[in-house]
file model20.cif (mmCIF, C-alpha atoms)
data_model
loop_
_atom_site.label_atom_id
_atom_site.label_comp_id
_atom_site.auth_asym_id
_atom_site.auth_seq_id
_atom_site.Cartn_x
_atom_site.Cartn_y
_atom_site.Cartn_z
CA MET J 152 -159.57 64.41 -81.18
CA ASN J 153 -157.57 62.01 -83.37
CA PRO J 154 -159.23 58.92 -84.99
CA ARG J 155 -157.61 56.53 -82.46
CA THR J 156 -159.01 58.47 -79.54
CA LYS J 157 -162.39 58.66 -81.26
CA THR J 158 -162.49 54.87 -81.64
CA GLU J 159 -161.48 54.51 -78.01
CA VAL J 160 -164.23 56.88 -76.86
CA ARG J 161 -166.79 55.03 -79.01
CA ARG J 162 -165.69 51.68 -77.54
CA THR J 163 -165.91 53.04 -74.00
CA LEU J 164 -169.38 54.46 -74.64
CA ARG J 165 -170.62 51.18 -76.15
CA ALA J 166 -169.29 49.23 -73.16
CA PHE J 167 -170.82 51.82 -70.89
CA VAL J 168 -174.31 51.42 -72.39
CA VAL J 169 -174.15 47.62 -71.96
CA GLU J 170 -172.84 48.13 -68.43
CA LEU J 171 -175.76 50.45 -67.73
CA LEU J 172 -178.28 47.82 -68.80
CA ILE J 173 -176.75 45.06 -66.67
CA TYR J 174 -176.35 47.49 -63.81
CA ALA J 175 -180.03 48.57 -64.04
CA VAL J 176 -181.15 44.96 -63.51
CA LEU J 177 -178.83 44.57 -60.51
CA VAL J 178 -179.97 47.85 -58.97
CA THR J 179 -183.66 47.00 -59.36
CA ALA J 180 -183.08 43.71 -57.56
CA TYR J 181 -181.12 45.58 -54.90
CA PHE J 182 -183.98 48.05 -54.26
CA PHE J 183 -186.53 45.34 -53.72
CA ALA J 184 -184.35 43.01 -51.68
CA VAL J 185 -181.86 44.91 -49.52
CA LEU J 186 -183.67 48.22 -48.96
CA HIS J 187 -186.96 46.45 -48.19
CA PHE J 188 -185.32 44.38 -45.43
CA LEU J 189 -183.15 47.21 -44.06
CA GLY J 190 -185.90 49.87 -44.03
CA GLY J 191 -187.73 48.88 -40.82
CA TRP J 192 -184.53 48.27 -38.85
CA LEU J 193 -183.04 51.64 -39.88
CA VAL J 194 -186.22 53.52 -38.92
CA ARG J 195 -186.17 51.92 -35.46
CA LEU J 196 -182.48 52.72 -35.08
CA GLU J 197 -183.06 56.34 -36.12
CA THR J 198 -185.79 56.88 -33.52
CA GLU J 199 -184.26 54.90 -30.65
CA HIS J 200 -180.45 55.05 -31.03
CA ILE J 201 -179.57 58.10 -33.11
CA ARG J 202 -175.79 57.90 -32.55
CA THR J 203 -175.67 54.26 -33.62
CA TYR J 204 -177.82 55.22 -36.61
CA ALA J 205 -175.30 57.93 -37.57
CA ILE J 206 -172.42 55.44 -37.49
CA VAL J 207 -174.42 52.75 -39.34
CA ALA J 208 -175.46 55.34 -41.97
CA ILE J 209 -171.84 56.23 -42.74
CA LEU J 210 -170.76 52.58 -42.78
CA LEU J 211 -173.64 51.68 -45.11
CA ILE J 212 -172.90 54.42 -47.63
CA ILE J 213 -169.15 53.64 -47.57
CA GLY J 214 -169.81 49.89 -47.90
CA GLN J 215 -172.24 50.37 -50.76
CA ALA J 216 -169.87 52.73 -52.57
CA VAL J 217 -166.98 50.26 -52.33
CA VAL J 218 -169.15 47.38 -53.58
CA LEU J 219 -170.69 49.42 -56.40
CA GLU J 220 -167.27 50.69 -57.47
CA ALA J 221 -166.03 47.10 -57.65
CA ILE J 222 -169.11 46.01 -59.61
CA THR J 223 -168.97 48.90 -62.12
CA THR J 224 -165.20 48.54 -62.59
CA GLY J 225 -165.54 44.77 -62.99
CA LEU J 226 -168.37 45.12 -65.50
CA LEU J 227 -166.50 47.73 -67.51
CA ARG J 228 -163.32 45.64 -67.51
CA PHE J 229 -165.27 42.54 -68.56
CA LEU J 230 -167.08 44.38 -71.35
CA ARG J 231 -163.90 46.00 -72.65
CA GLY J 232 -161.94 42.75 -72.65
CA GLY J 233 -159.70 43.20 -69.62
CA ARG J 234 -159.29 47.01 -69.62
CA SER J 235 -161.20 49.37 -67.39
CA GLU J 236 -159.67 52.70 -68.51
CA MET L 134 -191.59 54.62 -53.13
CA PHE L 135 -192.09 55.63 -49.48
CA PHE L 136 -189.03 56.57 -47.47
CA PRO L 137 -190.05 56.17 -43.82
CA ILE L 138 -187.17 58.10 -42.22
CA SER L 139 -187.98 61.41 -43.93
CA HIS L 140 -191.66 60.48 -44.49
CA ALA L 141 -191.33 61.30 -48.19
CA HIS L 142 -192.78 59.70 -51.31
CA VAL L 143 -190.15 59.91 -54.06
CA SER L 144 -189.63 57.95 -57.27
CA PRO L 145 -186.43 55.88 -56.98
CA ILE L 146 -185.84 56.42 -60.70
CA TYR L 147 -185.78 60.18 -60.12
CA LEU L 148 -183.24 59.71 -57.31
CA VAL L 149 -181.07 57.43 -59.45
CA ILE L 150 -181.09 59.96 -62.32
CA VAL L 151 -180.24 62.88 -60.01
CA GLY L 152 -177.48 60.76 -58.47
CA PHE L 153 -176.15 59.86 -61.92
CA LEU L 154 -176.00 63.51 -63.07
CA ILE L 155 -174.26 64.63 -59.89
CA GLY L 156 -171.94 61.65 -60.18
CA VAL L 157 -170.84 62.73 -63.66
CA LEU L 158 -170.20 66.29 -62.45
CA GLY L 159 -168.36 65.04 -59.38
CA GLY L 160 -166.19 62.61 -61.29
CA PHE L 161 -165.28 65.18 -63.93
CA PHE L 162 -164.91 68.35 -61.86
CA GLY L 163 -164.23 67.03 -58.35
CA VAL L 164 -167.19 68.84 -56.82
CA GLY L 165 -169.80 67.49 -54.41
CA GLY L 166 -172.67 68.85 -56.50
CA SER L 167 -174.79 69.91 -53.54
CA PHE L 168 -175.90 73.07 -55.37
CA ILE L 169 -177.88 70.72 -57.65
CA ALA L 170 -178.65 67.82 -55.28
CA GLY L 171 -180.14 70.07 -52.56
CA PRO L 172 -182.63 71.82 -54.88
CA ALA L 173 -183.38 68.51 -56.67
CA LEU L 174 -184.39 66.89 -53.37
CA ARG L 175 -186.39 69.95 -52.32
CA LEU L 176 -188.19 69.86 -55.67
CA VAL L 177 -189.83 66.51 -54.79
CA GLY L 178 -190.95 67.72 -51.37
CA ILE L 179 -188.14 66.52 -49.11
CA GLU L 180 -187.78 68.77 -46.06
CA TRP L 181 -184.86 71.23 -46.19
CA ASN L 182 -182.99 69.68 -43.24
CA PHE L 183 -183.24 66.19 -44.78
CA ALA L 184 -182.19 67.53 -48.20
CA VAL L 185 -178.97 68.96 -46.72
CA GLY L 186 -178.06 65.96 -44.53
CA THR L 187 -179.03 63.28 -47.05
CA ASP L 188 -177.14 65.08 -49.80
CA LEU L 189 -173.98 64.96 -47.67
CA ALA L 190 -174.36 61.21 -47.10
CA HIS L 191 -174.79 60.66 -50.83
CA ILE L 192 -171.73 62.84 -51.53
CA VAL L 193 -169.62 60.49 -49.35
CA GLY L 194 -170.61 57.48 -51.45
CA LYS L 195 -170.20 59.24 -54.78
CA SER L 196 -166.82 60.66 -53.83
CA ILE L 197 -165.51 57.21 -52.82
CA VAL L 198 -166.38 55.81 -56.24
CA ALA L 199 -164.93 58.79 -58.14
CA ALA L 200 -161.82 59.08 -55.94
CA LYS L 201 -161.05 55.35 -56.34
CA ARG L 202 -161.28 55.74 -60.11
CA HIS L 203 -159.09 58.88 -60.03
CA ARG L 204 -156.61 57.05 -57.79
CA ALA L 205 -156.35 54.31 -60.42
CA LEU L 206 -155.64 57.04 -62.98
CA GLY L 207 -152.90 58.51 -60.74
CA ASN L 208 -154.91 61.67 -59.98
CA VAL L 209 -154.99 61.63 -56.16
CA ASP L 210 -152.40 63.21 -53.86
CA LEU L 211 -153.20 61.47 -50.57
CA ARG L 212 -150.86 63.64 -48.48
CA LEU L 213 -152.41 66.86 -49.73
CA GLY L 214 -155.91 65.40 -49.34
CA LEU L 215 -155.33 64.64 -45.65
CA ILE L 216 -153.90 68.11 -44.98
CA MET L 217 -156.83 69.71 -46.83
CA ALA L 218 -159.32 67.65 -44.79
CA ILE L 219 -157.98 69.08 -41.51
CA GLY L 220 -158.22 72.66 -42.77
CA THR L 221 -161.66 72.07 -44.29
CA ILE L 222 -163.21 70.66 -41.10
CA ALA L 223 -161.81 73.57 -39.05
CA GLY L 224 -163.08 76.05 -41.65
CA ALA L 225 -166.52 74.43 -41.78
CA GLU L 226 -166.87 74.84 -38.02
CA GLY L 227 -165.82 78.50 -38.40
CA GLY L 228 -168.40 79.00 -41.16
CA ALA L 229 -171.14 77.49 -39.01
CA GLN L 230 -170.20 79.89 -36.17
CA LEU L 231 -170.30 82.81 -38.61
CA ILE L 232 -173.83 81.78 -39.59
CA GLU L 233 -174.83 81.96 -35.91
CA VAL L 234 -173.37 85.50 -35.67
CA PHE L 235 -175.43 86.70 -38.64
CA LYS L 236 -178.49 84.80 -37.36
CA ARG L 237 -178.28 86.80 -34.13
CA ALA L 238 -177.87 90.00 -36.14
CA GLY L 239 -181.04 89.03 -38.06
CA ASN L 240 -179.65 89.36 -41.58
CA VAL L 241 -178.27 85.90 -42.28
CA ASN L 242 -180.32 85.28 -45.46
CA VAL L 243 -179.30 88.51 -47.17
CA VAL L 244 -175.63 88.20 -46.22
CA VAL L 245 -175.34 84.55 -47.28
CA SER L 246 -177.17 85.22 -50.55
CA VAL L 247 -175.07 88.26 -51.50
CA VAL L 248 -171.76 86.64 -50.50
CA SER L 249 -172.56 83.46 -52.41
CA ILE L 250 -173.54 85.37 -55.58
CA VAL L 251 -170.32 87.41 -55.43
CA ILE L 252 -168.20 84.27 -54.90
CA TYR L 253 -169.95 82.18 -57.57
CA VAL L 254 -169.82 84.92 -60.23
CA GLY L 255 -166.27 85.87 -59.24
CA ILE L 256 -164.98 82.29 -59.62
CA SER L 257 -166.75 81.79 -62.95
CA THR L 258 -165.50 85.07 -64.40
CA PHE L 259 -161.94 84.48 -63.28
CA MET L 260 -161.82 80.88 -64.51
CA MET L 261 -163.34 81.83 -67.85
CA TRP L 262 -160.73 84.56 -68.33
CA GLU L 263 -157.83 82.34 -67.24
CA SER L 264 -158.71 79.16 -69.15
CA TRP L 265 -159.60 81.14 -72.26
CA LYS L 266 -156.27 82.97 -72.13
CA THR L 267 -154.35 79.73 -71.48
CA LEU L 268 -156.05 77.94 -74.37
CA ALA L 269 -155.43 80.89 -76.73
CA ARG L 270 -151.75 80.97 -75.72
CA ALA L 271 -151.42 77.21 -76.21
CA LYS L 272 -153.00 77.51 -79.66
CA ARG L 273 -150.54 80.23 -80.68
CA SER L 274 -147.52 78.25 -79.55
CA ALA L 275 -148.83 74.86 -80.76
CA GLY L 276 -145.96 72.56 -81.67
CA PRO L 277 -146.10 69.02 -83.06
CA LYS L 278 -149.17 67.07 -81.89
CA LYS L 279 -148.79 65.08 -78.70
CA SER L 280 -150.63 61.84 -77.97
CA ALA L 281 -154.16 62.32 -76.59
CA VAL L 282 -153.42 61.19 -73.04
CA ARG L 283 -150.07 63.02 -72.81
CA ALA L 284 -151.70 66.20 -74.09
CA SER L 285 -154.57 65.81 -71.67
CA LYS L 286 -152.25 65.60 -68.63
CA ALA L 287 -150.27 68.67 -69.76
CA ASP L 288 -151.38 71.58 -67.62
CA GLU L 289 -150.59 75.23 -68.13
CA SER L 290 -152.14 78.32 -66.65
CA ALA L 291 -152.12 82.00 -67.56
CA PHE L 292 -152.08 82.62 -63.80
CA GLN L 293 -148.89 80.59 -63.30
CA HIS L 294 -146.73 83.63 -62.42
CA VAL L 295 -148.91 84.35 -59.37
CA THR L 296 -148.93 80.67 -58.37
CA LYS L 297 -145.12 80.60 -58.59
CA ALA L 298 -144.92 83.70 -56.40
CA ILE L 299 -147.17 82.05 -53.78
CA GLN L 300 -145.04 78.89 -53.89
CA GLY L 301 -142.06 81.17 -53.25
CA TRP L 302 -143.34 82.13 -49.79
CA ARG L 303 -141.19 79.73 -47.82
CA VAL L 304 -142.93 79.87 -44.43
CA PRO L 305 -141.81 76.71 -42.54
CA PRO L 306 -142.72 73.90 -42.37
CA MET L 307 -142.45 73.31 -46.10
CA ILE L 308 -144.10 70.18 -47.48
CA THR L 309 -143.18 68.34 -50.65
CA LEU L 310 -146.11 66.86 -52.50
CA GLN L 311 -144.39 64.32 -54.70
CA GLU L 312 -147.47 63.19 -56.58
CA SER L 313 -148.37 66.79 -57.47
CA GLY L 314 -144.73 67.82 -58.03
CA VAL L 315 -145.10 70.83 -55.74
CA THR L 316 -143.23 72.10 -52.66
CA ILE L 317 -145.26 74.58 -50.63
CA SER L 318 -145.71 75.90 -47.11
CA LEU L 319 -148.00 73.78 -44.94
CA TRP L 320 -149.68 76.98 -43.74
CA ILE L 321 -150.67 78.01 -47.26
CA SER L 322 -152.21 74.56 -47.89
CA LEU L 323 -154.11 74.73 -44.60
CA LEU L 324 -155.25 78.29 -45.34
CA VAL L 325 -156.64 77.27 -48.75
CA ALA L 326 -158.47 74.34 -47.13
CA PHE L 327 -159.70 76.55 -44.28
CA ILE L 328 -161.19 79.09 -46.72
CA GLY L 329 -162.88 76.23 -48.62
CA GLY L 330 -164.26 74.90 -45.34
CA LEU L 331 -165.38 78.38 -44.29
CA CYS L 332 -167.37 78.67 -47.55
CA SER L 333 -168.76 75.18 -46.97
CA GLY L 334 -169.94 75.99 -43.45
CA PHE L 335 -171.16 79.46 -44.34
CA LEU L 336 -172.71 78.93 -47.77
CA GLY L 337 -173.59 75.21 -47.51
CA GLY L 338 -172.50 72.24 -49.59
CA GLY L 339 -169.01 70.84 -49.98
CA ALA L 340 -167.52 74.02 -51.54
CA GLY L 341 -165.67 72.08 -54.23
CA TYR L 342 -166.40 75.05 -56.51
CA ILE L 343 -163.86 77.07 -54.50
CA ARG L 344 -161.44 74.34 -53.35
CA MET L 345 -160.71 72.79 -56.75
CA PRO L 346 -159.84 76.16 -58.41
CA SER L 347 -157.85 77.21 -55.31
CA MET L 348 -155.74 74.06 -55.51
CA VAL L 349 -154.94 74.83 -59.15
CA TYR L 350 -154.37 78.59 -58.93
CA VAL L 351 -152.98 79.03 -55.41
CA LEU L 352 -151.17 75.76 -54.69
CA GLY L 353 -150.21 75.04 -58.32
CA ILE L 354 -151.63 71.49 -58.34
CA PRO L 355 -152.27 70.15 -61.88
CA THR L 356 -156.01 70.22 -62.68
CA HIS L 357 -156.41 66.42 -62.93
CA LEU L 358 -154.79 65.97 -59.53
CA ALA L 359 -156.82 68.82 -58.03
CA VAL L 360 -160.03 67.07 -59.16
CA GLY L 361 -158.99 63.66 -57.73
CA THR L 362 -157.52 65.08 -54.51
CA ASP L 363 -160.58 67.25 -53.91
CA LEU L 364 -162.77 64.15 -54.17
CA PHE L 365 -160.58 62.29 -51.67
CA GLU L 366 -160.76 65.26 -49.31
CA ILE L 367 -164.55 65.43 -49.72
CA ILE L 368 -164.86 61.81 -48.47
CA ILE L 369 -163.40 62.85 -45.10
CA SER L 370 -165.13 66.22 -44.68
CA ALA L 371 -168.52 64.98 -45.96
CA SER L 372 -168.33 61.93 -43.63
CA TYR L 373 -167.83 64.33 -40.74
CA GLY L 374 -170.77 66.43 -41.99
CA THR L 375 -172.94 63.34 -42.44
CA PHE L 376 -172.29 62.23 -38.86
CA THR L 377 -173.10 65.62 -37.34
CA HIS L 378 -176.27 65.90 -39.44
CA ALA L 379 -177.30 62.29 -38.72
CA ILE L 380 -177.20 62.77 -34.94
CA LYS L 381 -179.46 65.80 -35.44
CA GLY L 382 -181.91 63.55 -37.34
CA ASN L 383 -181.27 65.16 -40.75
CA VAL L 384 -180.17 62.12 -42.77
CA ASP L 385 -182.42 59.69 -44.63
CA ILE L 386 -179.83 57.07 -45.46
CA LEU L 387 -182.26 55.06 -47.60
CA ILE L 388 -182.60 57.99 -50.03
CA ALA L 389 -178.83 58.45 -50.05
CA LEU L 390 -178.28 54.74 -50.81
CA VAL L 391 -180.70 54.88 -53.76
CA MET L 392 -179.08 58.08 -55.13
CA ASN L 393 -175.69 56.47 -54.77
CA THR L 394 -176.57 53.62 -57.14
CA GLY L 395 -176.88 56.18 -59.97
CA ALA L 396 -173.94 58.21 -58.77
CA ALA L 397 -171.62 55.17 -58.84
CA VAL L 398 -172.02 54.87 -62.62
CA GLY L 399 -171.99 58.63 -63.22
CA ALA L 400 -168.86 59.16 -61.14
CA GLN L 401 -167.00 56.46 -63.08
CA LEU L 402 -168.03 58.03 -66.38
CA GLY L 403 -167.01 61.51 -65.22
CA ALA L 404 -163.64 60.34 -63.88
CA ILE L 405 -162.77 58.34 -67.00
CA SER L 406 -163.74 61.32 -69.20
CA THR L 407 -161.08 63.55 -67.60
CA GLN L 408 -158.43 61.52 -69.45
CA TYR L 409 -159.58 62.97 -72.75
CA PHE L 410 -159.46 66.64 -71.75
CA ALA L 411 -156.53 68.92 -70.97
CA GLY L 412 -156.50 70.93 -67.70
CA PRO L 413 -157.55 74.30 -69.21
CA LYS L 414 -160.48 72.64 -71.02
CA ILE L 415 -161.69 71.06 -67.76
CA ARG L 416 -161.41 74.49 -66.10
CA LEU L 417 -163.32 76.17 -68.94
CA ALA L 418 -166.07 73.54 -68.75
CA PHE L 419 -166.24 74.18 -64.98
CA VAL L 420 -167.29 77.83 -65.55
CA PRO L 421 -171.10 77.27 -65.79
CA LEU L 422 -171.29 75.33 -62.49
CA PRO L 423 -170.87 78.25 -60.06
CA LEU L 424 -173.18 80.28 -62.33
CA ILE L 425 -175.92 77.66 -61.87
CA GLY L 426 -175.40 78.03 -58.12
CA ALA L 427 -175.67 81.83 -58.46
CA ALA L 428 -178.85 81.52 -60.55
CA ILE L 429 -180.46 79.31 -57.88
CA VAL L 430 -179.57 81.82 -55.14
CA ILE L 431 -180.94 84.76 -57.19
CA TYR L 432 -184.13 82.77 -57.84
CA THR L 433 -184.64 82.02 -54.14
CA MET L 434 -183.89 85.65 -53.21
CA PHE L 435 -186.51 87.09 -55.52
CA SER L 436 -189.19 84.36 -55.50
CA GLY L 437 -189.06 83.52 -51.80
CA HIS L 438 -189.07 79.78 -52.65
CA LYS L 439 -186.21 77.98 -50.96
CA LEU L 440 -185.05 75.39 -53.48
#
call {"tool": "encode", "arguments": {"input": "model20.cif", "output": "structure tokens"}}
result
Amino acid sequence: MNPRTKTEVRRTLRAFVVELLIYAVLVTAYFFAVLHFLGGWLVRLETEHIRTYAIVAILLIIGQAVVLEAITTGLLRFLRGGRSE
Amino acid sequence: MFFPISHAHVSPIYLVIVGFLIGVLGGFFGVGGSFIAGPALRLVGIEWNFAVGTDLAHIVGKSIVAAKRHRALGNVDLRLGLIMAIGTIAGAEGGAQLIEVFKRAGNVNVVVSVVSIVIYVGISTFMMWESWKTLARAKRSAGPKKSAVRASKADESAFQHVTKAIQGWRVPPMITLQESGVTISLWISLLVAFIGGLCSGFLGGGAGYIRMPSMVYVLGIPTHLAVGTDLFEIIISASYGTFTHAIKGNVDILIALVMNTGAAVGAQLGAISTQYFAGPKIRLAFVPLPLIGAAIVIYTMFSGHKL
């Protein structure tokens, strides 16, 4: 690995650690807020309307993935001064 | 934390860490990582059926994050991914039927265990030989140094003569995959996907351990593109798997959502890291993964504990 790449990797890792810290705070808040409120509704759905639950489950995981991808990319871009890769 | 759907008490931190590790592997190698996620969920007392279904749901989320990142890096061939998804779903159904046949014969556990060990060890041995040989050849013929990213995208294989011969079978319809720079018979692409799906349905998991190498060695797709395209394909096939498992009551979506928060970061890290490694190095680093799968199968065979 040449020195330029090494510096780049070091910069990415530093940004990544900061991202991880900010992200940890967001995720903790997410656990206590969103999952707490969704839990009861999802359990009812799973026992009473299993097909709807299956569709909601896929939509939830896709929705969360899209949002998390946007958050992590945004954080990384912000921390690296406008560049995400 | 109590998860009421699967009636399990699991630490969310544990789930986030497992998700993160699988995310890194998925982003870097283009695999679903079910050979680690399944046992990791079983380890904390989650029922086997929930471990399998929930793992699939989490794979969907993780693959979306990693595939989006790979797409931004130009590593996803959407056309190939869609074709592969069709073959994979058909193969997965075939694999599930095969399981039923061996179930009726009463020897499903032995057959699945032996077949999976042979496949895992076979893939690892072959990839170690090939990537080692490719790297040694590249070292011998090393010219002036290329830039890091250009060198990382360069992809050679000691198995290229066989790949070229396969590409030479011009069974119509032929498809041109512009992003991968390959023209190949549609039937060969579907066959590769079908075999991957068959392994997925028969041996469990997403079978990225067989599909990613097949894309490189059989279809001639550059390694970086094979990783990204495999992830895109996994989104479709794992969504299908999640739905079928969810209607059977095998998915605890709350666990999958928690795992996905860790996987989102891990998948980004894994995907970004591929920029700094050339194709043969990624393939060489891939070698231990199927061996871990084989070790888990051997452990369950001899200990009787189903991880």
call {"tool": "interface_residues", "arguments": {"input": "model20.cif", "of": "chain J", "to": "chain L", "cutoff": "9 Å", "atoms": "all atoms listed in the file", "output": "count of residues only"}}
result
40
call {"tool": "atom_distance", "arguments": {"input": "model20.cif", "atom1": "atom CA of Arg165 of chain J", "atom2": "atom CA of Ile415 of chain L"}}
result
23.4 Å
call {"tool": "closest_residue", "arguments": {"input": "model20.cif", "among": "L:Phe365, L:Tyr253, L:Phe327, L:Phe162", "to": "Leu215 of chain L", "atoms": "all atoms listed in the file"}}
result
L:Phe365
call {"tool": "resolve_selection", "arguments": {"input": "model20.cif", "expression": "the PyMOL selection byres ((chain L and resi 337) around 10)", "output": "list of chain:residue names"}}
result
L:Ser167, L:Phe168, L:Gly171, L:Val185, L:Ala225, L:Gly228, L:Ala229, L:Val245, L:Ser249, L:Gly330, L:Leu331, L:Cys332, L:Ser333, L:Gly334, L:Phe335, L:Leu336, L:Gly338, L:Gly339, L:Ala340
call {"tool": "atom_distance", "arguments": {"input": "model20.cif", "atom1": "atom CA of Thr407 of chain L", "atom2": "atom CA of Val209 of chain L"}}
result
13.1 Å
call {"tool": "atom_distance", "arguments": {"input": "model20.cif", "atom1": "atom CA of Ile328 of chain L", "atom2": "atom CA of Leu154 of chain L"}}
result
27.0 Å
call {"tool": "resolve_selection", "arguments": {"input": "model20.cif", "expression": "the PyMOL selection byres ((chain L and resi 232) around 10)", "output": "PyMOL selection string"}}
result
chain L and resi 226-231+233-238+240-242+244-245+334-336
call {"tool": "resolve_selection", "arguments": {"input": "model20.cif", "expression": "the PyMOL selection byres ((chain L and resi 352) around 9)", "output": "list in words"}}
result
Thr296, Lys297, Ile299, Gln300, Val315, Thr316, Ile317, Ile321, Ser322, Val325, Ser347, Met348, Val349, Tyr350, Val351, Gly353 and Ile354 of chain L
call {"tool": "residues_around", "arguments": {"input": "model20.cif", "residues": "Met345 of chain L", "least_positions_apart": "3", "cutoff": "7 Å", "atoms": "only C-alpha atoms", "output": "short mmCIF file (atom, residue, chain, number, x, y, z; two decimals) with C-alpha atoms, keeping the file's coordinate frame"}}
result
data_model
loop_
_atom_site.label_atom_id
_atom_site.label_comp_id
_atom_site.auth_asym_id
_atom_site.auth_seq_id
_atom_site.Cartn_x
_atom_site.Cartn_y
_atom_site.Cartn_z
CA GLY L 163 -164.23 67.03 -58.35
CA GLY L 341 -165.67 72.08 -54.23
CA TYR L 342 -166.40 75.05 -56.51
CA MET L 348 -155.74 74.06 -55.51
CA VAL L 349 -154.94 74.83 -59.15
CA ALA L 359 -156.82 68.82 -58.03
CA VAL L 360 -160.03 67.07 -59.16
CA ASP L 363 -160.58 67.25 -53.91
#
call {"tool": "residues_around", "arguments": {"input": "model20.cif", "residues": "Ala326 of chain L", "least_positions_apart": "6", "cutoff": "6 Å", "atoms": "only C-alpha atoms", "output": "PyMOL selection string"}}
result
chain L and resi 217+220-221
call {"tool": "decode", "arguments": {"input": "model20.cif", "residues": "segment 190-202 of chain J", "atoms": "N, CA and C atoms", "output": "PDB file, in the first residue's frame"}}
result
ATOM      1  N   GLY J 190     -43.462  -2.724  18.909  1.00  0.00           N
ATOM      2  CA  GLY J 190     -43.477  -4.093  19.434  1.00  0.00           C
ATOM      3  C   GLY J 190     -44.866  -4.705  19.572  1.00  0.00           C
ATOM      4  N   GLY J 191     -45.734  -4.055  20.354  1.00  0.00           N
ATOM      5  CA  GLY J 191     -47.071  -4.584  20.638  1.00  0.00           C
ATOM      6  C   GLY J 191     -47.896  -4.785  19.369  1.00  0.00           C
ATOM      7  N   TRP J 192     -47.839  -3.790  18.489  1.00  0.00           N
ATOM      8  CA  TRP J 192     -48.611  -3.838  17.242  1.00  0.00           C
ATOM      9  C   TRP J 192     -48.146  -5.007  16.364  1.00  0.00           C
ATOM     10  N   LEU J 193     -46.812  -5.200  16.279  1.00  0.00           N
ATOM     11  CA  LEU J 193     -46.274  -6.281  15.442  1.00  0.00           C
ATOM     12  C   LEU J 193     -46.641  -7.655  15.990  1.00  0.00           C
ATOM     13  N   VAL J 194     -46.640  -7.789  17.330  1.00  0.00           N
ATOM     14  CA  VAL J 194     -47.010  -9.076  17.940  1.00  0.00           C
ATOM     15  C   VAL J 194     -48.462  -9.409  17.598  1.00  0.00           C
ATOM     16  N   ARG J 195     -49.340  -8.411  17.728  1.00  0.00           N
ATOM     17  CA  ARG J 195     -50.761  -8.625  17.399  1.00  0.00           C
ATOM     18  C   ARG J 195     -50.923  -9.025  15.927  1.00  0.00           C
ATOM     19  N   LEU J 196     -50.196  -8.304  15.079  1.00  0.00           N
ATOM     20  CA  LEU J 196     -50.264  -8.574  13.639  1.00  0.00           C
ATOM     21  C   LEU J 196     -49.796 -10.002  13.342  1.00  0.00           C
ATOM     22  N   GLU J 197     -48.735 -10.420  14.035  1.00  0.00           N
ATOM     23  CA  GLU J 197     -48.158 -11.747  13.784  1.00  0.00           C
ATOM     24  C   GLU J 197     -49.120 -12.866  14.196  1.00  0.00           C
ATOM     25  N   THR J 198     -49.888 -12.631  15.254  1.00  0.00           N
ATOM     26  CA  THR J 198     -50.799 -13.687  15.714  1.00  0.00           C
ATOM     27  C   THR J 198     -52.141 -13.657  14.970  1.00  0.00           C
ATOM     28  N   GLU J 199     -52.566 -12.450  14.552  1.00  0.00           N
ATOM     29  CA  GLU J 199     -53.903 -12.351  13.953  1.00  0.00           C
ATOM     30  C   GLU J 199     -53.920 -12.286  12.417  1.00  0.00           C
ATOM     31  N   HIS J 200     -52.928 -11.615  11.832  1.00  0.00           N
ATOM     32  CA  HIS J 200     -52.908 -11.451  10.363  1.00  0.00           C
ATOM     33  C   HIS J 200     -51.507 -11.762   9.856  1.00  0.00           C
ATOM     34  N   ILE J 201     -51.183 -13.030   9.744  1.00  0.00           N
ATOM     35  CA  ILE J 201     -49.807 -13.427   9.449  1.00  0.00           C
ATOM     36  C   ILE J 201     -49.326 -12.960   8.067  1.00  0.00           C
ATOM     37  N   ARG J 202     -50.220 -12.941   7.084  1.00  0.00           N
ATOM     38  CA  ARG J 202     -49.809 -12.499   5.731  1.00  0.00           C
ATOM     39  C   ARG J 202     -49.478 -11.005   5.722  1.00  0.00           C
TER      40      ARG J 202
END
